[in-house]
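Step one of this worksheet: look at the structure below.
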Amino acid sequence: MKTRTPFLFLTVGLAAALAVGCSKAVEAPPAVVPDITLGTQVDDTVITSGVRSALMSDDLVKSMDLQVETRKGVVKLSGFVDSQGQIDQAVAVALSVAGVTEVENGISLKGVPTTVGEKIDDTVVTTRVKTALLADPDIKSFDISVLTFNGEVQLSGFVNNQGQIDQAVRIASATEGATGVKNELTIKQ
């Protein structure tokens with residue numbers, strides 16, 4: 001009985017926090033980002049997990065090279081795959097997940113196969129871009145996904161305004177090893 005008591009308190013406390021949190025909107029500057037409730041954030045997290053799981057379970061898609069982000073039921077897919085069929089299937093799979101209201105497709109074709117050295121170079125470029133984004137105080141870089149393939153940097157996610165998009169693209173473009181930037185960033189609605 002003693003081992004269940006902390007679990008009971010934790011469960012009751014979590015339920016109370018969720019009940020209170022779900023009824024209040026998270027404050028944000030009204031001119032920049034519309035309010036989003038804790039409930040919506042939880043729903044978006046559940047949708048993102050569901051889409052990732054469905055994509056990994058799909059025999060055609062089954063790719064770790066895809067990023068999934070969700071905001072208010074809108075799923076943004078980005079990354080690199082081998083064929084147009086994988087892109088089409090990824091979009092269809094995402095649309096089939098409960099709670100998804102729309103899918104924004106930012107998936108790119110890989111093109112020519114890369115060598116191990118190129119994959120390492122891409123990882124270094126991705127790390128450099130992420131580090132530079134984190135260092136910029138004007139960008140919410142935790143909302144930006146960065147992938148690199150053959151030197152091309154793909155930025156995706158949801159940010160507060162066009163200025164953040166422009167700055168993120170400038171930073172990625174100026175990063176050593178980046179041969180190009182594909183901008184898939186979206187302003188939060």
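Residue numbering restarts at 1 in every chain; chains get A, B, ... in the order shown in the structure tokens, and ligands count up from 1 in that same order.
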
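Neighbouring residues of segment 72-79 of chain A at 8 Å or closer, counting only C-alpha atoms and skipping chain neighbours under 6 positions away, are Ile36, Thr40, Gln41, Asp43, Asp44, Ile47, Thr48, Asp65, Leu66, Val91, Ala94, Gly99, Val100, Thr101, Glu102, Val103, Glu104, Asn105, Gly106, Ile107, Ser108, Leu147, Gln154, Ser156, Gly157 and Glu184 of chain A.
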
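Using only C-alpha atoms, the contacts of segment 167-177 of chain A at a cut-off of 9 Å, with sequence neighbours closer than 4 positions omitted, comprise Asp121, Asp122, Val124, Val125, Thr126, Arg128, Val129, Lys130, Ala132, Leu133, Asp136, Asp138, Ile139, Ser141, Ile144, Gly151, Glu152, Val153, Gln154, Leu155, Gln162, Gly163, Val181, Lys182 and Asn183 of chain A.
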
Suppose we keep N, CA, C and O atoms; can you now write the selection as a short mmCIF file (atom, residue, chain, number, x, y, z; two decimals), in the first residue's frame?
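Final output, selection.cif:
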```cif
data_model
loop_
_atom_site.label_atom_id
_atom_site.label_comp_id
_atom_site.auth_asym_id
_atom_site.auth_seq_id
_atom_site.Cartn_x
_atom_site.Cartn_y
_atom_site.Cartn_z
N ASP A 121 29.66 15.36 -43.01
CA ASP A 121 29.69 16.79 -43.32
C ASP A 121 28.31 17.42 -43.09
O ASP A 121 28.21 18.52 -42.54
N ASP A 122 27.25 16.73 -43.52
CA ASP A 122 25.89 17.24 -43.33
C ASP A 122 25.56 17.38 -41.84
O ASP A 122 24.93 18.35 -41.43
N VAL A 124 27.69 17.93 -39.46
CA VAL A 124 28.46 19.07 -38.96
C VAL A 124 27.76 20.38 -39.34
O VAL A 124 27.62 21.29 -38.51
N VAL A 125 27.28 20.48 -40.58
CA VAL A 125 26.58 21.69 -41.01
C VAL A 125 25.32 21.89 -40.18
O VAL A 125 25.04 23.00 -39.70
N THR A 126 24.55 20.83 -39.98
CA THR A 126 23.33 20.91 -39.16
C THR A 126 23.66 21.41 -37.76
O THR A 126 22.98 22.30 -37.23
N ARG A 128 26.26 23.19 -36.81
CA ARG A 128 26.67 24.60 -36.88
C ARG A 128 25.47 25.53 -36.99
O ARG A 128 25.41 26.58 -36.34
N VAL A 129 24.49 25.16 -37.83
CA VAL A 129 23.30 25.99 -38.00
C VAL A 129 22.52 26.05 -36.69
O VAL A 129 22.12 27.13 -36.24
N LYS A 130 22.30 24.89 -36.06
CA LYS A 130 21.55 24.87 -34.79
C LYS A 130 22.25 25.72 -33.73
O LYS A 130 21.60 26.45 -32.99
N ALA A 132 24.27 28.29 -34.20
CA ALA A 132 24.13 29.70 -34.55
C ALA A 132 22.72 30.20 -34.26
O ALA A 132 22.54 31.34 -33.79
N LEU A 133 21.71 29.39 -34.52
CA LEU A 133 20.33 29.79 -34.22
C LEU A 133 20.13 29.95 -32.72
O LEU A 133 19.46 30.88 -32.27
N ASP A 136 21.37 33.26 -31.36
CA ASP A 136 20.66 34.48 -31.74
C ASP A 136 19.49 34.71 -30.78
O ASP A 136 18.56 33.91 -30.73
N ASP A 138 17.05 36.75 -30.90
CA ASP A 138 15.78 37.15 -31.52
C ASP A 138 15.02 36.00 -32.15
O ASP A 138 13.93 36.20 -32.69
N ILE A 139 15.58 34.81 -32.10
CA ILE A 139 14.94 33.66 -32.75
C ILE A 139 14.59 32.61 -31.70
O ILE A 139 15.42 32.26 -30.87
N SER A 141 14.67 29.40 -31.49
CA SER A 141 15.25 28.32 -32.29
C SER A 141 14.77 26.94 -31.89
O SER A 141 14.92 26.00 -32.65
N ILE A 144 12.46 25.52 -34.44
CA ILE A 144 12.98 25.35 -35.79
C ILE A 144 13.72 24.02 -35.89
O ILE A 144 14.62 23.74 -35.10
N GLY A 151 24.74 19.24 -48.22
CA GLY A 151 25.04 20.65 -47.99
C GLY A 151 23.83 21.57 -48.00
O GLY A 151 23.92 22.71 -47.58
N GLU A 152 22.69 21.08 -48.51
CA GLU A 152 21.49 21.91 -48.53
C GLU A 152 20.81 21.83 -47.16
O GLU A 152 20.46 20.75 -46.69
N VAL A 153 20.64 22.99 -46.55
CA VAL A 153 20.04 23.08 -45.22
C VAL A 153 18.54 23.31 -45.39
O VAL A 153 18.12 24.18 -46.15
N GLN A 154 17.75 22.51 -44.69
CA GLN A 154 16.30 22.69 -44.72
C GLN A 154 15.86 23.16 -43.33
O GLN A 154 16.13 22.52 -42.33
N LEU A 155 15.21 24.32 -43.31
CA LEU A 155 14.66 24.88 -42.08
C LEU A 155 13.16 24.68 -42.09
O LEU A 155 12.50 25.00 -43.09
N GLN A 162 7.86 37.18 -39.69
CA GLN A 162 8.69 37.11 -40.90
C GLN A 162 10.14 37.47 -40.58
O GLN A 162 11.07 36.92 -41.18
N GLY A 163 10.36 38.39 -39.65
CA GLY A 163 11.72 38.76 -39.27
C GLY A 163 12.52 37.57 -38.76
O GLY A 163 13.71 37.45 -39.08
N VAL A 181 19.88 26.90 -48.90
CA VAL A 181 18.91 26.84 -47.81
C VAL A 181 17.52 26.69 -48.41
O VAL A 181 17.14 27.45 -49.31
N LYS A 182 16.79 25.72 -47.92
CA LYS A 182 15.39 25.54 -48.30
C LYS A 182 14.56 25.98 -47.11
O LYS A 182 14.63 25.38 -46.04
N ASN A 183 13.79 27.02 -47.29
CA ASN A 183 13.00 27.62 -46.21
C ASN A 183 11.61 27.00 -46.19
O ASN A 183 10.82 27.22 -47.09
#
```

Q: Could you give me the residues within segment 63-135 of chain A that DSSP places in strand (DSSP E), as a ChimeraX atom specification?
A: /A:66-71,74-81,102-109

Q | Every residue of segment 41-128 of chain A that DSSP places in alpha helix (DSSP H), as a PyMOL selection string | A | chain A and resi 41-57+84-95+116-128

Q: For each of A:Gly111, A:Arg71, A:Arg52, A:Thr127, take the minimum atom-to-atom distance to Ala90 of chain A, counting only C-alpha atoms, then give the residue where this is smallest.
A: A:Arg52

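Distance check against Phe149 of chain A using only C-alpha atoms: of A:Gly85, A:Gly50, A:Pro137, A:Gly180, the minimum falls on A:Gly180.
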